[in-house]
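Below is one structure, written out as structure tokens, with a few remarks after it.
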Amino acid sequence: MIRRDARVGVLFALPWIFGFLIFLAYPLIASLLTSFTSFSVLRPPTFIGLQNYNELFHDQVFYQSLTNTLLYVLGAVPLTAIVAIGLALLLNTKVKGMSIYRTLFFLPTLVPMVALGTLFLWVFNGDYGLFKQAFLKVGVTPPGWLTDPTWSKWTLILISMWGCGQAMVIYLAGLQDVPVSLYEAAELDGAKSWAKTMHVTLPMISPVILFNVVMSIIGSLQIFAVPYVMFPGGAPARSAYFYTSYLYDNAFQYQRMGYASAMGWVLFLITLALTLIALKLSEKHVHYESN
Amino acid sequence: MTAREVVGLSAAALVMVLASIAGDRAVTREGRPDKVTVTYWEKWTGDEAKEMRKVVDAFNASQDKIFVQYLSISGVDTKTMLATAGGNPPDVAGIWLEQIAQFSDAKALTDLTEMARGNGLNSDYYIKGYWDPLNYRGKLWALPSTPASIALHVRPDLVPADVATPETFPQTIEGLDKLVDRISKKKPGGDLEMAGFLPSNPGWWNWSWGMYFGGKLFDGENLTLDSPENIRAYKWISSYAKRFGAKEVQSFQSGFGTFASPQDPFMQGKVATEINGVWKGSYIRVYKPGLKWFAVPFPYPEDRPDLKGHSHLSQDVLTIPRGSKHPKEAFEFIRFVQRQDVMEGLCKGHGKNSPLQKVSEAFFTTNQNKFIRLFDGLARSPRAFNPPQIGILVQLRSEMDVAFQEVSTEKKTPEQALHDAQQRVTTLWTTYKHQVLNR
């Protein structure tokens with residue numbers, strides 16, 4: 001009976017197994033092998049050992065794109081986390097019509113990335129843009145959001161807030177799991193709103209924060225579509241040229257699949273390292289109910 | 001469920017997947033079972049695609065053996081490359097001239113030398129400036145679909161009357177600069193209101209500025225991005241950042257609409273002059289009918305009168321990717337496009353000049369672009385230049401773009417920016433020679 005169940009189980013899992021083998025396992029192994037070759041797609045790959053990795057570590061554009069990406073991660077991850085938690089706290093209050101507010105705040109995340117990029121091209125337009133007009137109203141000359149190399153990354157970091165709805169929903173679910181008894185106990189001890197948030201709410205949702213931060217780090221390291229639309233070629237002066245843009249250009253513009261594959265694996269290692277660091281740092285700050 | 005049933009079901013699923021793939025192939029490749037179907041991928045959409053469709057329809061109507069299936073494909077270059085690698089390329093691919101070296105080095109193209117020779121398509125048939133770059137390393141890899149030459153477009157209503165005709169407009173770069181100082185306007189707050197000229201608009205050919213000062217980017221063996229002529233050109237570019245203020249230009253330009261819209265800065269009167277291709281006239285006709293403009297050759301440096309009448313040439317080209325199923329039939333179609341009457345119809349429809357040596361008088365007299373003779377003349381000029389033939393042109397252009405932006409935003413001096421670009425491209429070129437050319 002158990003064997004028969006196992007067979008049926010395998011049968012139902014077969015589509016996933018096929019998908020995993022064809023669309024994940026094979027490309028993973030192929031890209032690892034390709035990273036040790038010179039491969040222009042049209043000609044058979046030639047084994048060149050570690051040359052791609054060696055070149056990568058001497059490549060200025062690699063460092064520039066990596067620095068841009070890490071700066072973006074440093075800016076976008078905390079900002080989206082703070083905004084999402086703030087929104088979740090507001091949307092966790094008992095106000096009439098709350099489900100409508102929740103829907104409204106989640107809706108922006110449904111906008112496709114390319115549409116989002118196009119929309120923000122207008123919002124940050126140096127002549128007619130909403131931001132420019134708002135700044136001028138208060139007598140401040142706005143910076144060149146799209147054209148000044150100093151500001152291009154900040155523009156993207158600001159835009160990253162647009163997609164915080166997804167994290168917000170997860171925080172909201174976490175907030176609703178916080179036992180009311182803890183708040184009551186805190187109130188008996190004389191805790192006010194701020195103290196309750198800092199000493200009850202945040203510790204109780206810390207596993208959710210960790211999950212969202214890790215996912216946000218992984219997502220931010222792979223930022224591609226919005227800068228690709230808003231800052232073609234990473235302009236101005238490659239200030240908005242990110243790691244995945246350089247990877248894409250190497251693969252599909254320069255036909256350097258071997259080099260692009262090496263970049264892919266380096267990104268994987270960086271992602272892994274940052275995730276492990278985040279997990280390690282969180283050990284003392286994340287509280288699980290089972291603890 | 002037995003193991004046999006599991007295997008059977010899996011096999012059935014696999015057969016269904018394969019059948020759907022094969023079915024798709026059958027539909028797309030064999031659209032007309034009575035004729036050989038030639039698949040043609042082209043970059044164009046909109047009116048340009050419509051004009052090419054007319055050519056395809058005329059060819060199909062003239063044929064009882066071949067049927068050309070025209071498909072507008074975005075990112076046609078990348079997709080052609082990947083389809084070729086996958087062994088299922090289109091029979092004809094409409095790519096850009098700039099990609100010939102890269103595609104040829106990657107062995108992605110079919111050599112057209114013999115087929116062209118056999119059909120009388122040779123250097124005598126085409127304008128030299130268009131024929132030469134179709135050949136790379138001694139072989140012919142493409143034939144033109146539509147070509148272009150580049151000139152300075154001027155709004156006579158935005159320049160003083162004494163320079164408001166092609167005959168009286170300044171011929172030198174120094175003269176243009178003086179005019180720019182004379183006519184550019186700033187708002188009371190310091191923002192730019194109208195610029196006489198901006199080297200960064202439309203910003204499509206940042207790599208080419210050195211050539212307008214007599215420079216080169218590649219001498220056939222070595223890269224020369226930081227040559228004195230290129231540095232001089234980039235110093236001239238930086239003079240515009242100083243003239244208007246780098247931040248002011250950035251802010252001003254971020255408000256420009258796209259060229260294919262009424263918000264185009266030239267059509268809107270935000271710039272009085274603009275370097276652009278022969279096609280500009282067609283866009284003006286569509287988006288700002290009635291707008292007065294004229295075109296002149298881009299000015300030359302005062303101390304280099306030998307450069308007078310220079311122009312940058314470009315071309316859309318037709319190629320047969322390697323592995324095409326019907327190369328002979330594909331060439332039959334390409335040959336049809338090269339017929340003088342067909343080519344003139346297509347170029348006229350696109351608002352471009354013809355790449356052919358022989359051009360009918362009617363092509364000029366009935367052309368909607370009243371400066372078509374100027375563009376034709378620029379294409380025939382011995383000073384006309386093409387992009388360098390090098391397999392890393394995409395990277396080279398990207399590095400020149402970055403250098404241009406660094407100079408325009410005053411992040412680096414022209415010398416620094418071009419030196420850095422030179423170093424980076426030299427490394428890429430060494431790797432390319434080692435990994436691609438020497439294999």
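A note on labels: chains of the structure tokens are A, B, ... as shown, every chain counts residues from 1, and ligands are counted from 1 in their shown order.
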
Produce a table with one row for each residue of chain A that has an atom at most 6 Å from any atom of chain B, each row naming the nearest atom pair and its distance in Å at one decimal; use only C-alpha atoms; arrange rows by chain and rising residue number; format as JSON lines.
{"residue": "A:Val41", "atom": "CA", "partner": "B:Ala85", "partner_atom": "CA", "distance": 5.9}
{"residue": "A:Leu42", "atom": "CA", "partner": "B:Ala85", "partner_atom": "CA", "distance": 4.8}
{"residue": "A:Asn125", "atom": "CA", "partner": "B:Gly255", "partner_atom": "CA", "distance": 5.7}
{"residue": "A:Gly126", "atom": "CA", "partner": "B:Ser254", "partner_atom": "CA", "distance": 4.8}
{"residue": "A:Asp127", "atom": "CA", "partner": "B:Gly255", "partner_atom": "CA", "distance": 4.5}
{"residue": "A:Gly144", "atom": "CA", "partner": "B:Ser251", "partner_atom": "CA", "distance": 5.8}
{"residue": "A:Thr147", "atom": "CA", "partner": "B:Gln250", "partner_atom": "CA", "distance": 5.4}
{"residue": "A:Pro236", "atom": "CA", "partner": "B:Gln405", "partner_atom": "CA", "distance": 5.8}
{"residue": "A:Ala237", "atom": "CA", "partner": "B:Val402", "partner_atom": "CA", "distance": 4.7}

Checklist entry - Could you name the residues that touch range 240-244 of chain A at 8 Å or less, counting only C-alpha atoms, but leaving out those on the same chain fewer than 6 positions away, as a PyMOL selection string? => result chain A and resi 62+64-66+68-69+149+152-153+221-224+227+231+233-234

Checklist entry - Distance CA of Asn52 in chain A-CA of Arg256 in chain A, one decimal place? => result 9.8 Å

Checklist entry - Which parts of range 169-387 of chain B does DSSP call helix (DSSP H, G or I) when run on the backbone here, written out as a PyMOL selection string? => result chain B and resi 173-183+206-213+228-244+246-253+265-268+280-287+305-307+327-338+340-350+361-365+372-380

Next on the checklist: So that I can see what lies close to Phe131 in chain A, please list as a PyMOL selection string the residues with an atom at most 12 Å from it, counting only C-alpha atoms and leaving out residues fewer than 2 positions away in the same chain.
Outcome noted: chain A and resi 120-129+133-138+140-146+155+158

Give me a file of those residues, with N, CA and C atoms, as a PDB file, in the first residue's frame.
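File written: selection_1.pdb
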ATOM      1  N   PHE A 120       7.326  56.422 -13.930  1.00  0.00           N
ATOM      2  CA  PHE A 120       8.235  57.252 -13.136  1.00  0.00           C
ATOM      3  C   PHE A 120       9.142  58.134 -13.994  1.00  0.00           C
ATOM      4  N   LEU A 121       9.287  57.767 -15.262  1.00  0.00           N
ATOM      5  CA  LEU A 121      10.010  58.673 -16.168  1.00  0.00           C
ATOM      6  C   LEU A 121       9.288  60.010 -16.227  1.00  0.00           C
ATOM      7  N   TRP A 122       7.966  59.937 -16.188  1.00  0.00           N
ATOM      8  CA  TRP A 122       7.170  61.170 -16.218  1.00  0.00           C
ATOM      9  C   TRP A 122       7.138  61.861 -14.862  1.00  0.00           C
ATOM     10  N   VAL A 123       7.025  61.045 -13.803  1.00  0.00           N
ATOM     11  CA  VAL A 123       6.973  61.633 -12.462  1.00  0.00           C
ATOM     12  C   VAL A 123       8.250  62.433 -12.186  1.00  0.00           C
ATOM     13  N   PHE A 124       9.406  61.889 -12.643  1.00  0.00           N
ATOM     14  CA  PHE A 124      10.687  62.558 -12.384  1.00  0.00           C
ATOM     15  C   PHE A 124      11.166  63.404 -13.562  1.00  0.00           C
ATOM     16  N   ASN A 125      10.293  63.604 -14.544  1.00  0.00           N
ATOM     17  CA  ASN A 125      10.663  64.416 -15.702  1.00  0.00           C
ATOM     18  C   ASN A 125      11.196  65.777 -15.245  1.00  0.00           C
ATOM     19  N   GLY A 126      12.319  66.174 -15.857  1.00  0.00           N
ATOM     20  CA  GLY A 126      12.990  67.395 -15.407  1.00  0.00           C
ATOM     21  C   GLY A 126      12.255  68.679 -15.756  1.00  0.00           C
ATOM     22  N   ASP A 127      11.244  68.580 -16.592  1.00  0.00           N
ATOM     23  CA  ASP A 127      10.517  69.782 -16.989  1.00  0.00           C
ATOM     24  C   ASP A 127       9.089  69.786 -16.437  1.00  0.00           C
ATOM     25  N   TYR A 128       8.372  68.689 -16.756  1.00  0.00           N
ATOM     26  CA  TYR A 128       6.951  68.654 -16.378  1.00  0.00           C
ATOM     27  C   TYR A 128       6.679  67.763 -15.168  1.00  0.00           C
ATOM     28  N   GLY A 129       7.713  67.105 -14.658  1.00  0.00           N
ATOM     29  CA  GLY A 129       7.515  66.090 -13.624  1.00  0.00           C
ATOM     30  C   GLY A 129       6.811  66.602 -12.378  1.00  0.00           C
ATOM     31  N   GLN A 133       7.579  69.992  -9.968  1.00  0.00           N
ATOM     32  CA  GLN A 133       6.574  71.015  -9.664  1.00  0.00           C
ATOM     33  C   GLN A 133       6.372  71.146  -8.151  1.00  0.00           C
ATOM     34  N   ALA A 134       6.356  69.990  -7.461  1.00  0.00           N
ATOM     35  CA  ALA A 134       6.157  70.014  -6.006  1.00  0.00           C
ATOM     36  C   ALA A 134       7.313  70.747  -5.325  1.00  0.00           C
ATOM     37  N   PHE A 135       8.528  70.465  -5.760  1.00  0.00           N
ATOM     38  CA  PHE A 135       9.701  71.131  -5.174  1.00  0.00           C
ATOM     39  C   PHE A 135       9.656  72.632  -5.432  1.00  0.00           C
ATOM     40  N   LEU A 136       9.300  72.995  -6.670  1.00  0.00           N
ATOM     41  CA  LEU A 136       9.277  74.414  -7.021  1.00  0.00           C
ATOM     42  C   LEU A 136       8.238  75.167  -6.193  1.00  0.00           C
ATOM     43  N   LYS A 137       7.128  74.479  -5.881  1.00  0.00           N
ATOM     44  CA  LYS A 137       6.054  75.109  -5.089  1.00  0.00           C
ATOM     45  C   LYS A 137       6.580  75.580  -3.734  1.00  0.00           C
ATOM     46  N   VAL A 138       7.533  74.778  -3.177  1.00  0.00           N
ATOM     47  CA  VAL A 138       8.070  75.166  -1.867  1.00  0.00           C
ATOM     48  C   VAL A 138       9.402  75.907  -2.011  1.00  0.00           C
ATOM     49  N   VAL A 140      12.160  75.164  -3.693  1.00  0.00           N
ATOM     50  CA  VAL A 140      13.420  74.406  -3.736  1.00  0.00           C
ATOM     51  C   VAL A 140      13.667  73.928  -5.168  1.00  0.00           C
ATOM     52  N   THR A 141      14.903  74.133  -5.632  1.00  0.00           N
ATOM     53  CA  THR A 141      15.235  73.627  -6.969  1.00  0.00           C
ATOM     54  C   THR A 141      15.555  72.146  -6.856  1.00  0.00           C
ATOM     55  N   PRO A 142      14.812  71.312  -7.551  1.00  0.00           N
ATOM     56  CA  PRO A 142      15.049  69.870  -7.417  1.00  0.00           C
ATOM     57  C   PRO A 142      16.320  69.438  -8.149  1.00  0.00           C
ATOM     58  N   PRO A 143      16.889  68.317  -7.737  1.00  0.00           N
ATOM     59  CA  PRO A 143      18.063  67.822  -8.463  1.00  0.00           C
ATOM     60  C   PRO A 143      17.647  67.158  -9.779  1.00  0.00           C
ATOM     61  N   GLY A 144      18.638  66.813 -10.596  1.00  0.00           N
ATOM     62  CA  GLY A 144      18.348  66.081 -11.843  1.00  0.00           C
ATOM     63  C   GLY A 144      18.156  64.612 -11.520  1.00  0.00           C
ATOM     64  N   TRP A 145      16.921  64.273 -11.173  1.00  0.00           N
ATOM     65  CA  TRP A 145      16.632  62.906 -10.722  1.00  0.00           C
ATOM     66  C   TRP A 145      17.110  61.860 -11.735  1.00  0.00           C
ATOM     67  N   LEU A 146      16.900  62.157 -13.004  1.00  0.00           N
ATOM     68  CA  LEU A 146      17.204  61.165 -14.033  1.00  0.00           C
ATOM     69  C   LEU A 146      18.527  61.440 -14.734  1.00  0.00           C
ATOM     70  N   THR A 155      16.971  58.031  -6.978  1.00  0.00           N
ATOM     71  CA  THR A 155      15.669  57.988  -7.650  1.00  0.00           C
ATOM     72  C   THR A 155      15.124  56.563  -7.622  1.00  0.00           C
ATOM     73  N   LEU A 158      14.036  55.515  -4.161  1.00  0.00           N
ATOM     74  CA  LEU A 158      12.713  56.067  -3.853  1.00  0.00           C
ATOM     75  C   LEU A 158      11.613  55.256  -4.528  1.00  0.00           C
TER      76      LEU A 158
END

All strand (DSSP E or B) residues (DSSP, backbone) inside range 35-281 of chain A, as a PDB file with N, CA and C atoms, in the first residue's frame:
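Final output, result-v6.pdb:
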ATOM      1  N   THR A  37      34.139  28.569 -19.827  1.00  0.00           N
ATOM      2  CA  THR A  37      34.397  28.511 -21.269  1.00  0.00           C
ATOM      3  C   THR A  37      34.295  29.901 -21.905  1.00  0.00           C
ATOM      4  N   SER A  38      34.828  29.978 -23.123  1.00  0.00           N
ATOM      5  CA  SER A  38      34.549  31.134 -23.971  1.00  0.00           C
ATOM      6  C   SER A  38      33.443  30.649 -24.907  1.00  0.00           C
ATOM      7  N   THR A  46      34.648  26.870 -25.774  1.00  0.00           N
ATOM      8  CA  THR A  46      36.033  26.405 -25.610  1.00  0.00           C
ATOM      9  C   THR A  46      36.400  26.546 -24.143  1.00  0.00           C
ATOM     10  N   PHE A  47      36.958  25.508 -23.582  1.00  0.00           N
ATOM     11  CA  PHE A  47      37.337  25.529 -22.167  1.00  0.00           C
ATOM     12  C   PHE A  47      38.490  26.511 -21.956  1.00  0.00           C
TER      13      PHE A  47
END

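Look at Leu91 in chain A: the protein and nucleic acid residues within 10 Å of it, using only C-alpha atoms and passing over chain neighbours fewer than 6 places away, are Ile85, Met98, Ser99, Tyr101, Arg102, Phe105, Met168, Val169, Leu172 and Leu175 of chain A.
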
Next on the checklist: Considering only C-alpha atoms, can you say which of A:Val229, A:Leu28, A:Val214, A:Ile170 comes closest to Trp265 in chain A?
Outcome noted: A:Leu28

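Comparing the minimum interatomic distances between Trp96 in chain B and each of B:Lys352, B:Lys288, B:His153, B:Lys43, counting only C-alpha atoms, we find that B:Lys43 sits nearest.
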
Item to check | Among the residues B:Asp162, B:Glu274, B:Asp157, B:Asp341, the one that comes closest to Trp204 in chain B [using only C-alpha atoms] | outcome: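 Using only C-alpha atoms, Trp204 in chain B sits closest to B:Glu274.
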
Checklist entry - In Å to one decimal, how far is CA of Ala421 in chain B from CA of Ala195 in chain B? => result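 Rounded to one decimal, the two atoms are 28.6 Å apart.
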
Next on the checklist: So that I can check the surroundings of Ala273 in chain A, please list as a ChimeraX atom specification every protein, DNA and RNA residue that reaches within 12 Å of it, counting only C-alpha atoms and ignoring chain neighbours fewer than 6 positions away.
Outcome noted: /A:214,217-218,266-267,279-280

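In this model, the gap between CA of Tyr26 in chain A and CA of Asp249 in chain A comes to 22.5 Å.
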
Item to check | Distance query Met161 in chain A at most 9 Å, only C-alpha atoms, self and fewer than 3 positions along chain excluded, as a ChimeraX atom specification | outcome: /A:76,79-81,83-84,157-158,164-165

Written file, previous selection with C-alpha atoms, as a compact mmCIF listing (two decimals), in the first residue's frame:
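Ended up saving to part.txt:
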# COMPACT_ATOMS: atom_id res chain seq x y z
CA ALA A 76 16.20 50.12 -0.75
CA LEU A 79 13.63 51.91 3.32
CA THR A 80 11.07 49.44 1.99
CA ALA A 81 11.15 47.51 5.27
CA VAL A 83 7.73 51.89 5.00
CA ALA A 84 6.11 48.46 4.79
CA ILE A 157 15.71 53.76 -4.20
CA LEU A 158 12.71 56.07 -3.85
CA CYS A 164 6.44 47.54 -0.66
CA GLY A 165 2.79 46.38 -0.73
